[in-house]
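Chemist: Next comes the structure file query.tsv, holding TSV, C-alpha atoms (C1' of nucleotides).
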chain	number	residue	atom	x	y	z
C	856	MET	CA	28.73	-45.97	-11.20
C	857	ILE	CA	25.11	-46.20	-12.29
C	858	ILE	CA	23.51	-43.95	-14.89
C	859	PHE	CA	19.74	-43.99	-15.20
C	860	ILE	CA	18.26	-42.92	-18.52
C	861	VAL	CA	14.50	-42.63	-18.10
C	862	GLY	CA	11.62	-40.84	-19.78
C	863	PRO	CA	8.39	-41.44	-21.65
C	864	THR	CA	7.89	-43.93	-24.45
C	865	ALA	CA	9.42	-42.93	-27.80
C	866	VAL	CA	11.48	-40.08	-26.39
C	867	GLY	CA	14.64	-41.77	-27.69
C	868	LYS	CA	16.08	-43.34	-24.53
C	869	SER	CA	17.42	-46.55	-26.05
C	870	HIS	CA	19.64	-44.96	-28.67
C	871	ILE	CA	21.12	-42.56	-26.18
C	872	ALA	CA	21.71	-45.28	-23.60
C	873	LEU	CA	23.36	-47.42	-26.26
C	874	GLU	CA	25.59	-44.56	-27.31
C	875	LEU	CA	26.57	-43.93	-23.69
C	876	ALA	CA	27.24	-47.59	-23.03
C	877	HIS	CA	29.51	-47.70	-26.08
C	878	CYS	CA	31.66	-44.76	-25.12
C	879	LEU	CA	31.74	-45.44	-21.37
C	880	GLN	CA	32.35	-49.18	-21.59
C	881	GLY	CA	29.01	-49.74	-19.98
C	882	GLU	CA	26.34	-52.40	-19.95
C	883	ILE	CA	22.65	-51.78	-20.30
C	884	VAL	CA	20.07	-52.83	-17.72
C	885	SER	CA	16.55	-52.54	-19.02
C	886	CYS	CA	14.03	-50.83	-16.76
C	887	ASP	CA	10.98	-51.91	-18.66
C	888	ALA	CA	8.08	-53.96	-17.37
C	889	MET	CA	7.29	-55.56	-20.72
C	890	GLN	CA	10.64	-56.20	-22.40
C	891	VAL	CA	11.25	-58.93	-19.82
C	892	TYR	CA	8.85	-61.21	-21.71
C	893	ARG	CA	10.44	-63.44	-24.33
C	894	GLN	CA	7.42	-63.67	-26.63
C	895	ILE	CA	6.68	-59.93	-26.69
C	896	THR	CA	9.20	-58.35	-29.04
C	897	ILE	CA	7.42	-56.01	-31.43
C	898	ALA	CA	4.78	-54.77	-28.99
C	899	SER	CA	7.37	-53.98	-26.33
C	900	ASP	CA	9.71	-52.41	-28.88
C	901	LYS	CA	12.80	-54.35	-27.84
C	902	PRO	CA	16.20	-53.49	-29.27
C	903	ASP	CA	17.04	-55.55	-32.36
C	904	ASN	CA	19.38	-58.54	-32.27
C	905	LYS	CA	22.29	-56.61	-33.70
C	906	THR	CA	22.03	-54.09	-30.87
C	907	LEU	CA	21.64	-56.80	-28.26
C	908	GLN	CA	24.84	-58.40	-29.52
C	909	SER	CA	26.85	-55.19	-29.68
C	910	ILE	CA	26.47	-54.36	-25.98
C	911	PRO	CA	25.48	-56.61	-23.06
C	912	HIS	CA	21.81	-56.08	-22.19
C	913	HIS	CA	20.24	-57.30	-18.96
C	914	LEU	CA	16.62	-57.89	-17.90
C	915	ILE	CA	15.42	-58.46	-21.45
C	916	ASP	CA	13.82	-61.82	-22.32
C	917	VAL	CA	14.04	-63.18	-18.79
C	918	VAL	CA	10.60	-64.81	-18.45
C	919	SER	CA	7.81	-66.36	-20.46
C	920	ILE	CA	4.40	-64.70	-20.78
C	921	GLU	CA	2.98	-67.61	-18.83
C	922	GLU	CA	5.06	-66.80	-15.76
C	923	GLU	CA	4.06	-64.25	-13.15
C	924	PHE	CA	6.51	-61.38	-13.03
C	925	ASN	CA	6.32	-58.09	-11.15
C	926	VAL	CA	8.31	-55.24	-9.60
C	927	ALA	CA	9.60	-57.48	-6.85
C	928	SER	CA	10.97	-60.03	-9.30
C	929	TYR	CA	12.44	-57.20	-11.31
C	930	ARG	CA	14.06	-55.61	-8.28
C	931	VAL	CA	15.91	-58.79	-7.33
C	932	LEU	CA	17.18	-59.53	-10.83
C	933	ALA	CA	18.02	-55.96	-11.78
C	934	GLU	CA	19.84	-55.19	-8.55
C	935	ARG	CA	21.87	-58.35	-8.92
C	936	ALA	CA	22.77	-57.43	-12.51
C	937	ILE	CA	23.72	-53.86	-11.56
C	938	LEU	CA	25.91	-54.86	-8.64
C	939	ASP	CA	27.61	-57.46	-10.78
C	940	ILE	CA	28.37	-54.89	-13.47
C	941	ILE	CA	29.84	-52.56	-10.86
C	942	ARG	CA	31.87	-55.36	-9.33
C	943	ARG	CA	33.41	-55.98	-12.73
C	944	GLY	CA	34.45	-52.33	-12.82
C	945	LYS	CA	32.00	-51.28	-15.51
C	946	ILE	CA	29.25	-48.71	-15.67
C	947	ALA	CA	25.60	-49.76	-15.43
C	948	VAL	CA	23.32	-47.82	-17.76
C	949	VAL	CA	19.77	-48.41	-16.52
C	950	CYS	CA	17.39	-47.49	-19.29
C	951	GLY	CA	13.61	-47.61	-19.46
C	952	GLY	CA	10.26	-45.97	-18.86
C	953	SER	CA	8.71	-47.99	-16.05
C	954	GLY	CA	8.62	-45.49	-13.21
C	955	MET	CA	7.66	-47.94	-10.56
C	956	TYR	CA	10.50	-50.25	-11.52
C	957	MET	CA	12.93	-47.37	-11.27
C	958	ALA	CA	11.55	-46.52	-7.84
C	959	ALA	CA	11.93	-50.12	-6.73
C	960	LEU	CA	15.62	-49.96	-7.57
C	961	LEU	CA	16.21	-46.55	-6.04
C	962	ASP	CA	14.10	-46.85	-2.91
C	963	GLY	CA	13.35	-50.54	-2.62
C	964	ILE	CA	10.06	-52.17	-1.72
C	965	PHE	CA	8.89	-53.59	1.57
C	966	GLU	CA	9.62	-57.18	2.54
C	967	GLY	CA	7.09	-59.94	2.90
C	968	GLY	CA	4.60	-58.77	0.31
C	969	THR	CA	4.34	-62.03	-1.56
C	970	VAL	CA	1.19	-62.48	-3.57
C	971	ASP	CA	-0.97	-65.34	-2.39
C	972	PRO	CA	-2.95	-66.48	-5.43
C	973	VAL	CA	-5.73	-68.03	-3.37
C	974	ILE	CA	-6.31	-64.92	-1.26
C	975	ARG	CA	-6.08	-62.66	-4.27
C	976	GLN	CA	-8.56	-64.69	-6.24
C	977	ARG	CA	-11.00	-64.57	-3.36
C	978	LEU	CA	-10.62	-60.81	-2.99
C	979	GLU	CA	-10.99	-60.25	-6.71
C	980	ALA	CA	-14.29	-62.08	-6.63
C	981	GLU	CA	-15.43	-60.07	-3.62
C	982	ALA	CA	-14.36	-56.82	-5.27
C	983	LYS	CA	-16.40	-57.65	-8.33
C	984	ASP	CA	-19.37	-58.45	-6.17
C	985	ASP	CA	-19.25	-55.53	-3.75
C	986	LEU	CA	-16.23	-53.23	-3.74
C	987	ARG	CA	-17.73	-50.93	-1.13
C	988	ARG	CA	-17.85	-53.70	1.42
C	989	LEU	CA	-14.19	-54.51	0.76
C	990	TYR	CA	-13.27	-50.87	1.18
C	991	GLN	CA	-15.30	-50.74	4.37
C	992	ARG	CA	-13.28	-53.66	5.69
C	993	LEU	CA	-10.06	-51.84	4.78
C	994	THR	CA	-11.12	-48.79	6.79
C	995	GLU	CA	-11.55	-51.02	9.83
C	996	VAL	CA	-8.43	-53.10	9.41
C	997	ASP	CA	-6.01	-50.49	8.06
C	998	PRO	CA	-7.35	-46.94	8.36
C	999	ALA	CA	-4.06	-45.41	7.26
C	1000	SER	CA	-4.20	-47.21	3.92
C	1001	ALA	CA	-7.91	-46.54	3.52
C	1002	GLN	CA	-7.19	-42.85	3.78
C	1003	LYS	CA	-4.62	-42.99	1.00
C	1004	ILE	CA	-6.54	-45.34	-1.27
C	1005	LYS	CA	-9.66	-44.19	-3.11
C	1006	SER	CA	-12.80	-46.21	-2.43
C	1007	ASN	CA	-13.12	-47.12	-6.11
C	1008	ASP	CA	-9.57	-48.27	-6.74
C	1009	PRO	CA	-10.02	-52.05	-6.77
C	1010	GLN	CA	-6.40	-52.86	-7.46
C	1011	ARG	CA	-5.04	-51.10	-4.39
C	1012	ILE	CA	-7.87	-52.14	-2.11
C	1013	ILE	CA	-7.28	-55.78	-3.04
C	1014	ARG	CA	-3.55	-55.41	-2.60
C	1015	ALA	CA	-3.87	-53.87	0.86
C	1016	LEU	CA	-6.31	-56.49	2.05
C	1017	GLU	CA	-4.41	-59.42	0.63
C	1018	ILE	CA	-1.40	-58.35	2.67
C	1019	PHE	CA	-3.46	-57.99	5.81
C	1020	ASP	CA	-5.20	-61.31	5.28
C	1021	ALA	CA	-1.91	-63.09	4.65
C	1022	THR	CA	0.19	-61.52	7.40
C	1023	GLY	CA	-2.21	-59.98	9.89
C	1024	VAL	CA	-0.23	-56.75	9.58
C	1025	PRO	CA	-1.56	-53.64	7.79
C	1026	ILE	CA	0.27	-52.92	4.56
C	1027	SER	CA	0.71	-49.31	5.67
C	1028	ILE	CA	2.93	-50.55	8.50
C	1029	LEU	CA	4.98	-52.85	6.29
C	1030	GLN	CA	5.41	-50.18	3.65
C	1031	GLN	CA	7.36	-48.02	6.05
C	1032	GLN	CA	10.28	-50.36	5.69
C	1033	ARG	CA	12.06	-49.97	2.41
C	1034	SER	CA	15.56	-49.41	1.23
C	1035	GLY	CA	17.14	-49.27	-2.21
C	1036	LEU	CA	20.31	-48.29	-4.01
C	1037	TRP	CA	19.82	-44.56	-3.60
C	1038	GLY	CA	22.48	-43.20	-1.26
C	1039	LYS	CA	24.48	-46.42	-1.38
C	1040	GLN	CA	25.84	-46.24	-4.89
C	1041	ASP	CA	27.37	-43.53	-7.00
C	1042	MET	CA	24.68	-42.67	-9.52
C	1043	ARG	CA	23.16	-40.04	-11.78
C	1044	LEU	CA	19.53	-39.96	-12.80
C	1045	ILE	CA	18.90	-38.51	-16.25
C	1046	ALA	CA	15.35	-37.96	-17.49
C	1047	LEU	CA	14.66	-37.16	-21.14
C	1048	ASN	CA	11.74	-35.17	-22.48
C	1049	ARG	CA	10.53	-33.64	-25.73
C	1050	PRO	CA	7.75	-31.24	-26.76
C	1051	ARG	CA	4.47	-33.07	-26.33
C	1052	HIS	CA	3.41	-32.94	-29.98
C	1053	GLU	CA	6.76	-34.38	-31.01
C	1054	LEU	CA	6.41	-37.19	-28.51
C	1055	TYR	CA	2.95	-37.99	-29.81
C	1056	SER	CA	3.94	-38.02	-33.46
C	1057	ARG	CA	6.85	-40.33	-32.62
C	1058	VAL	CA	4.44	-42.61	-30.79
C	1059	GLU	CA	2.18	-42.76	-33.83
C	1060	ALA	CA	5.03	-43.48	-36.18
C	1061	ARG	CA	6.26	-46.23	-33.91
C	1062	ILE	CA	2.88	-47.92	-33.78
C	1063	ASP	CA	2.47	-47.79	-37.55
C	1064	GLU	CA	5.90	-49.39	-37.73
C	1065	MET	CA	4.87	-52.14	-35.31
C	1066	PHE	CA	2.04	-53.19	-37.63
C	1067	LYS	CA	4.45	-53.29	-40.57
C	1068	ARG	CA	6.84	-55.42	-38.58
C	1069	GLY	CA	4.18	-58.04	-37.86
C	1070	LEU	CA	2.46	-57.04	-34.65
C	1071	ILE	CA	-0.69	-58.93	-35.61
C	1072	GLU	CA	1.25	-62.17	-36.07
C	1073	GLU	CA	2.95	-61.65	-32.73
C	1074	VAL	CA	-0.36	-61.14	-30.95
C	1075	LYS	CA	-1.83	-64.19	-32.68
C	1076	ALA	CA	1.07	-66.30	-31.43
C	1077	VAL	CA	0.80	-64.93	-27.91
C	1078	ARG	CA	-2.91	-65.69	-27.82
C	1079	GLN	CA	-2.16	-69.39	-28.28
C	1080	LYS	CA	-0.62	-69.41	-24.82
C	1081	LYS	CA	-2.03	-68.85	-21.40
C	1082	MET	CA	-0.59	-65.44	-20.60
C	1083	THR	CA	-0.71	-63.75	-17.21
C	1084	THR	CA	-3.11	-60.89	-16.47
C	1085	THR	CA	-0.21	-58.44	-16.62
C	1086	VAL	CA	0.71	-59.48	-20.15
C	1087	SER	CA	-2.88	-59.48	-21.34
C	1088	LYS	CA	-3.10	-55.76	-20.57
C	1089	LEU	CA	0.04	-54.73	-22.40
C	1090	ILE	CA	-0.78	-52.04	-24.97
C	1091	GLY	CA	-1.27	-53.77	-28.30
C	1092	ILE	CA	-2.67	-57.05	-27.09
C	1093	PRO	CA	-6.25	-56.02	-26.19
C	1094	GLU	CA	-6.47	-53.69	-29.20
C	1095	VAL	CA	-5.21	-56.21	-31.76
C	1096	SER	CA	-7.26	-58.95	-30.09
C	1097	GLY	CA	-10.34	-56.83	-30.60
C	1098	PHE	CA	-9.54	-56.71	-34.29
C	1099	LEU	CA	-8.85	-60.46	-34.47
C	1100	ASP	CA	-12.16	-61.16	-32.75
C	1101	GLY	CA	-14.02	-58.93	-35.17
C	1102	GLN	CA	-15.00	-56.31	-32.61
C	1103	HIS	CA	-13.44	-53.49	-34.61
C	1104	THR	CA	-11.42	-52.73	-37.72
C	1105	ILE	CA	-7.66	-52.69	-37.97
C	1106	GLU	CA	-7.77	-48.88	-38.24
C	1107	GLN	CA	-9.65	-48.71	-34.97
C	1108	ALA	CA	-7.11	-51.03	-33.36
C	1109	GLN	CA	-4.35	-48.70	-34.47
C	1110	TYR	CA	-6.24	-45.64	-33.27
C	1111	LEU	CA	-6.82	-47.23	-29.87
C	1112	MET	CA	-3.19	-48.25	-29.50
C	1113	LYS	CA	-2.09	-44.71	-30.26
C	1114	LEU	CA	-4.62	-43.27	-27.84
C	1115	HIS	CA	-3.66	-45.64	-25.03
C	1116	THR	CA	0.02	-45.00	-25.59
C	1117	ARG	CA	-0.53	-41.23	-25.43
C	1118	HIS	CA	-2.28	-41.69	-22.10
C	1119	TYR	CA	0.58	-43.87	-20.95
C	1120	VAL	CA	3.13	-41.23	-21.94
C	1121	LYS	CA	1.27	-38.73	-19.79
C	1122	ARG	CA	1.31	-41.04	-16.79
C	1123	GLN	CA	5.02	-41.69	-17.25
C	1124	LEU	CA	5.73	-37.97	-17.27
C	1125	THR	CA	3.64	-37.47	-14.15
C	1126	TRP	CA	5.63	-40.14	-12.39
C	1127	PHE	CA	9.05	-38.83	-13.40
C	1128	ARG	CA	8.24	-35.16	-12.87
C	1129	ARG	CA	7.46	-35.87	-9.26
C	1130	ASP	CA	10.91	-37.29	-8.55
C	1131	THR	CA	13.10	-34.30	-7.74
C	1132	ARG	CA	16.27	-36.37	-7.92
C	1133	LEU	CA	16.04	-36.52	-11.71
C	1134	GLU	CA	18.07	-34.23	-13.95
C	1135	TRP	CA	16.07	-33.31	-17.04
C	1136	ILE	CA	17.30	-32.93	-20.59
C	1137	ASP	CA	14.88	-31.47	-23.13
C	1138	LEU	CA	15.40	-32.90	-26.58
C	1139	VAL	CA	14.18	-31.42	-29.84
C	1140	GLN	CA	13.65	-32.89	-33.27
C	1141	THR	CA	17.20	-32.28	-34.37
C	1142	SER	CA	18.94	-33.76	-31.33
C	1143	THR	CA	21.05	-36.75	-32.28
C	1144	ALA	CA	21.77	-39.60	-29.89
C	1145	GLN	CA	25.50	-38.93	-30.23
C	1146	HIS	CA	25.15	-35.29	-29.33
C	1147	THR	CA	22.89	-36.01	-26.37
C	1148	ALA	CA	25.25	-38.71	-25.12
C	1149	THR	CA	28.08	-36.18	-25.23
C	1150	ILE	CA	26.03	-33.74	-23.20
C	1151	ILE	CA	25.29	-36.42	-20.63
C	1152	LYS	CA	28.97	-37.28	-20.40
C	1153	ASP	CA	29.77	-33.64	-19.75
C	1154	LEU	CA	27.02	-33.58	-17.18
C	1155	LEU	CA	28.66	-36.42	-15.29
C	1156	HIS	CA	31.56	-34.13	-14.48
C	1157	GLU	CA	29.37	-31.22	-13.39
C	1158	ARG	CA	27.02	-30.49	-10.61
C	1159	LYS	CA	23.31	-30.95	-11.09
C	1160	SER	CA	21.63	-28.56	-13.50
C	1161	SER	CA	19.13	-28.71	-16.30
C	1162	HIS	CA	20.13	-28.70	-19.92
C	1163	CYS	CA	18.63	-28.10	-23.29
C	1164	VAL	CA	19.95	-29.85	-26.37
C	1165	GLY	CA	19.74	-27.55	-29.40
H	1107	G	C1'	-36.10	-25.73	-57.52
H	1108	C	C1'	-39.71	-27.90	-53.72
H	1109	C	C1'	-40.62	-30.33	-48.86
H	1110	G	C1'	-38.47	-31.81	-44.24
H	1111	A	C1'	-34.44	-32.12	-40.44
H	1112	G	C1'	-30.47	-29.78	-38.16
H	1113	A	C1'	-26.86	-25.71	-36.68
H	1114	U	C1'	-24.93	-25.68	-28.52
H	1115	A	C1'	-17.35	-27.04	-25.42
H	1116	G	C1'	-11.74	-29.66	-29.85
H	1117	C	C1'	-15.48	-34.11	-31.37
H	1118	U	C1'	-20.51	-36.71	-30.72
H	1119	C	C1'	-24.70	-34.92	-28.69
H	1120	A	C1'	-28.29	-33.65	-24.41
H	1121	G	C1'	-31.08	-29.64	-22.38
H	1122	U	C1'	-34.10	-25.45	-20.65
H	1123	U	C1'	-43.18	-25.55	-20.26
H	1124	G	C1'	-38.37	-18.49	-22.07
H	1125	G	C1'	-34.59	-16.71	-16.22
H	1126	U	C1'	-27.42	-16.61	-20.39
H	1127	A	C1'	-26.16	-24.47	-20.34
H	1128	G	C1'	-24.20	-30.12	-19.33
H	1129	A	C1'	-22.84	-35.41	-20.38
H	1130	G	C1'	-19.59	-38.85	-22.92
H	1131	C	C1'	-15.11	-38.85	-25.63
H	1132	G	C1'	-10.69	-36.10	-26.44
H	1133	A	C1'	-7.18	-32.76	-23.96
H	1134	A	C1'	-4.48	-31.02	-19.66
H	1135	G	C1'	-2.92	-31.74	-14.54
H	1136	G	C1'	-2.34	-35.22	-10.38
H	1137	A	C1'	-1.81	-39.90	-7.38
H	1138	C	C1'	1.14	-44.27	-7.36
H	1139	U	C1'	5.45	-49.49	-2.40
H	1140	G	C1'	4.77	-57.22	-5.33
H	1141	A	C1'	-0.90	-56.36	-12.03
H	1142	A	C1'	2.34	-50.53	-13.12
H	1143	A	C1'	2.13	-50.49	-20.79
H	1144	A	C1'	-1.72	-51.41	-14.52
H	1145	U	C1'	-5.30	-48.99	-11.24
H	1146	C	C1'	-7.47	-44.49	-9.91
H	1147	C	C1'	-8.45	-38.86	-8.95
H	1148	U	C1'	-9.24	-33.63	-10.63
H	1149	U	C1'	-10.45	-29.82	-14.39
H	1150	G	C1'	-15.90	-27.64	-19.03
H	1151	C	C1'	-17.78	-19.16	-19.92
H	1152	G	C1'	-18.73	-21.84	-24.67
H	1153	U	C1'	-20.37	-15.41	-30.11
H	1154	C	C1'	-25.93	-22.05	-27.47
H	1155	C	C1'	-25.03	-20.11	-36.68
H	1156	C	C1'	-26.17	-14.64	-38.18
H	1157	C	C1'	-29.74	-10.37	-38.29
H	1158	G	C1'	-34.25	-8.46	-36.60
H	1159	G	C1'	-38.98	-8.94	-33.63
H	1160	U	C1'	-42.05	-10.28	-29.21
H	1161	U	C1'	-40.79	-10.07	-23.87
H	1162	C	C1'	-38.82	-7.26	-17.68
H	1163	G	C1'	-35.71	-11.16	-19.75
H	1164	A	C1'	-34.49	-15.46	-25.60
H	1165	A	C1'	-29.85	-20.10	-26.72
H	1166	C	C1'	-35.19	-21.75	-26.16
H	1167	C	C1'	-41.08	-18.30	-29.20
H	1168	C	C1'	-41.86	-15.47	-34.20
H	1169	G	C1'	-39.83	-13.53	-39.08
H	1170	G	C1'	-35.75	-13.30	-42.45
H	1171	G	C1'	-30.86	-15.01	-43.89
H	1172	U	C1'	-26.55	-18.40	-44.25
H	1173	C	C1'	-24.63	-23.23	-44.09
H	1174	U	C1'	-25.12	-28.68	-43.50
H	1175	U	C1'	-28.08	-32.91	-44.33
H	1176	G	C1'	-32.31	-36.31	-46.01
H	1177	G	C1'	-36.24	-36.93	-49.54
H	1178	C	C1'	-38.75	-35.36	-54.13
H	1179	A	C1'	-37.78	-33.28	-58.72
Render the structure in this file as structure tokens.
Modeler:
Amino acid sequence: MIIFIVGPTAVGKSHIALELAHCLQGEIVSCDAMQVYRQITIASDKPDNKTLQSIPHHLIDVVSIEEEFNVASYRVLAERAILDIIRRGKIAVVCGGSGMYMAALLDGIFEGGTVDPVIRQRLEAEAKDDLRRLYQRLTEVDPASAQKIKSNDPQRIIRALEIFDATGVPISILQQQRSGLWGKQDMRLIALNRPRHELYSRVEARIDEMFKRGLIEEVKAVRQKKMTTTVSKLIGIPEVSGFLDGQHTIEQAQYLMKLHTRHYVKRQLTWFRRDTRLEWIDLVQTSTAQHTATIIKDLLHERKSSHCVG
RNA sequence: GCCGAGAUAGCUCAGUUGGUAGAGCGAAGGACUGAAAAUCCUUGCGUCCCCGGUUCGAACCCGGGUCUUGGCA
């Protein structure tokens, strides 16, 4: 049995997942694109050591910030961890807010999409020089993708072309082949939400807390190393770096982190709302993790429906 | 108190030689298949401070008022 607990940042997923794991004899599998990095602890809001010791956690601290890591790497490791938990007769509680990582587990990703650093570097340079020409080439080589991808979306244009250049096959053809755990395993997908203003004030409180816990020191340490592009864009690193480099004040860094996290929360909700397989639970200020966990347990014995925790 | 500047979208402002207005930011919604905490898309009727005047017509011109702001006292 697999239970997914997903939702936007700061909704309260971790506590609820922990509570569930405790009472169901489960193990937690993180579904978070940033908690995989060993050196990013405060900025990624990892569970504390005491929590990590009380219940087995997987997919946390699995790579260094200098190593490339992406959905594909995550998919392999997370699926392995989940199947192993099930094999041992326990329940896997998959918890996190990275929608694309969740999708990779549920629906899989296509095979043969390995990133070729040389090709990518070349395309990145070309994109910087003349994105329109790259897009033009995409329309010739892979019209189906060109129709889906906007002409000013460098990331996707580069991705589509790097696959074509490496394999000679349009990415739109390869993408048709995918298969994940959905339909193969017994699972329930629980999505948590809260009133928007509550979500935002929790985000702000969390970021203030990060600074108190030493976020600046963490970013300083991380800057000593050669981190990947992915890590360099994690919320907190560019903003605090801007402060360290004297581009803005610490207050502005905090403001920007809060702003960027609010935007991120919105994108997370957009992603999850689209997936009709999710069962939503609306939390309010007074909802405790224990109470919500109880409701989820009850839900496991019922048919799908939506619930409100008073 | 005197002289000047300003008052336009939640915020910062632009603008119309008079024909009832538009950018950026924010906000909201959306997309998403190996960077995803990424990358991108969509959405702006708002007493153009108030009252009067001129005019076919004023947010724009004129007069008065209120408030904000700079300088001088």
Chemist: Set the distance at 12 Å and use only C-alpha atoms (C1' of nucleotides): which residues neighbour A1133 (chain H) once local chain neighbours fewer than 2 positions away are removed? I'd like the list as a ChimeraX atom specification.
Modeler: /C:1051,1114,1117-1118,1121 /H:1115-1117,1131,1135,1149-1150
Chemist: If the cut-off is 9 Å, can you tell me the residues of chain H near chain C, counting only C-alpha atoms (C1' of nucleotides)? I'd like them as a count of residues only.
Modeler: 13
Chemist: Give as a CSV table (one decimal) with C-alpha atoms (C1' of nucleotides), in the coordinates of the input every residue, naming chains and numbers as the document does, that has an atom within 12 Å of (-27.5, -33.6, -47.1), counting all atoms listed in the file.
Modeler:
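Output saved as out_22.csv:
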chain,number,residue,atom,x,y,z
H,1110,G,C1',-38.5,-31.8,-44.2
H,1111,A,C1',-34.4,-32.1,-40.4
H,1112,G,C1',-30.5,-29.8,-38.2
H,1173,C,C1',-24.6,-23.2,-44.1
H,1174,U,C1',-25.1,-28.7,-43.5
H,1175,U,C1',-28.1,-32.9,-44.3
H,1176,G,C1',-32.3,-36.3,-46.0
H,1177,G,C1',-36.2,-36.9,-49.5
Chemist: The centre and edge lengths of an axis-aligned box containing all atoms of region 1130-1148 of chain H present in the file, extended by 3 Å on each side, are to be given in Å to one decimal, as AutoDock Vina command-line options.
Modeler:
--center_x -7.1 --center_y -44.1 --center_z -14.4 --size_x 31.0 --size_y 32.2 --size_z 30.0
Chemist: Rounded to one decimal place, report the CA of Asn1048 (chain C)-CA of Phe859 (chain C) distance in Å.
Modeler: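 Those two atoms sit 14.0 Å apart.
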Chemist: Just give me the gap between CA of Val918 (chain C) and CA of Arg893 (chain C) in Å, one decimal is fine.
Modeler: 6.0 Å
Chemist: From the set H:G1152, H:G1158, H:G1107, H:G1128, which residue has the shortest atom-to-atom contact distance to G1171 (chain H), counting only C-alpha atoms (C1' of nucleotides)?
Modeler: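 Among the listed residues, H:G1158 lies closest to G1171 (chain H).
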Chemist: Kindly give the distance, in Å, that separates CA of Ser869 (chain C) and CA of Ser1034 (chain C), rounded to a single decimal.
Modeler: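 One can read the CA of Ser869 (chain C) to CA of Ser1034 (chain C) distance as 27.5 Å.
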Chemist: List every protein, DNA or RNA residue that has at least one atom no more than 12 Å from (19.2, -46.6, -31.7) in the file's coordinates, counting all atoms listed in the file, and write the result as a count of residues only.
Modeler: 26
Chemist: With only C-alpha atoms (C1' of nucleotides) as the counted atoms, please give the residues lying no more than 12 Å from U1153 (chain H), apart from itself and same-chain residues fewer than 3 positions off, as a PyMOL selection string.
Modeler: chain H and resi 1114+1156+1165
Chemist: Do a neighbour search on U1160 (chain H) at 12 Å with all atoms listed in the file, toss out local chain neighbours closer than 4 positions, and write the hits as a list in words.
Modeler: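 The contact residues come out as G1124, A1164, C1167, C1168 and G1169 of chain H.
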Chemist: Considering only C-alpha atoms (C1' of nucleotides), return as a list of chain:residue names whatever protein or nucleic-acid residues lie within 9 Å of region 944-949 of chain C, sequence-local ones (same chain, fewer than 4 positions apart) excluded.
Modeler: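 Non-adjacent residues within range: C:Met856, C:Ile857, C:Ile858, C:Phe859, C:Ile860, C:Val861, C:Ala872, C:Leu873, C:Leu875, C:Ala876, C:Leu879, C:Gln880, C:Gly881, C:Glu882, C:Ile883, C:Val884, C:Ser885, C:Cys886, C:Ala936, C:Ile937, C:Leu938, C:Asp939, C:Ile940, C:Met957.
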Chemist: Ranking H:U1148, H:A1134, H:G1125, H:C1178 by minimum distance to C1162 (chain H) and counting all atoms listed in the file, which one comes first?
Modeler: H:G1125
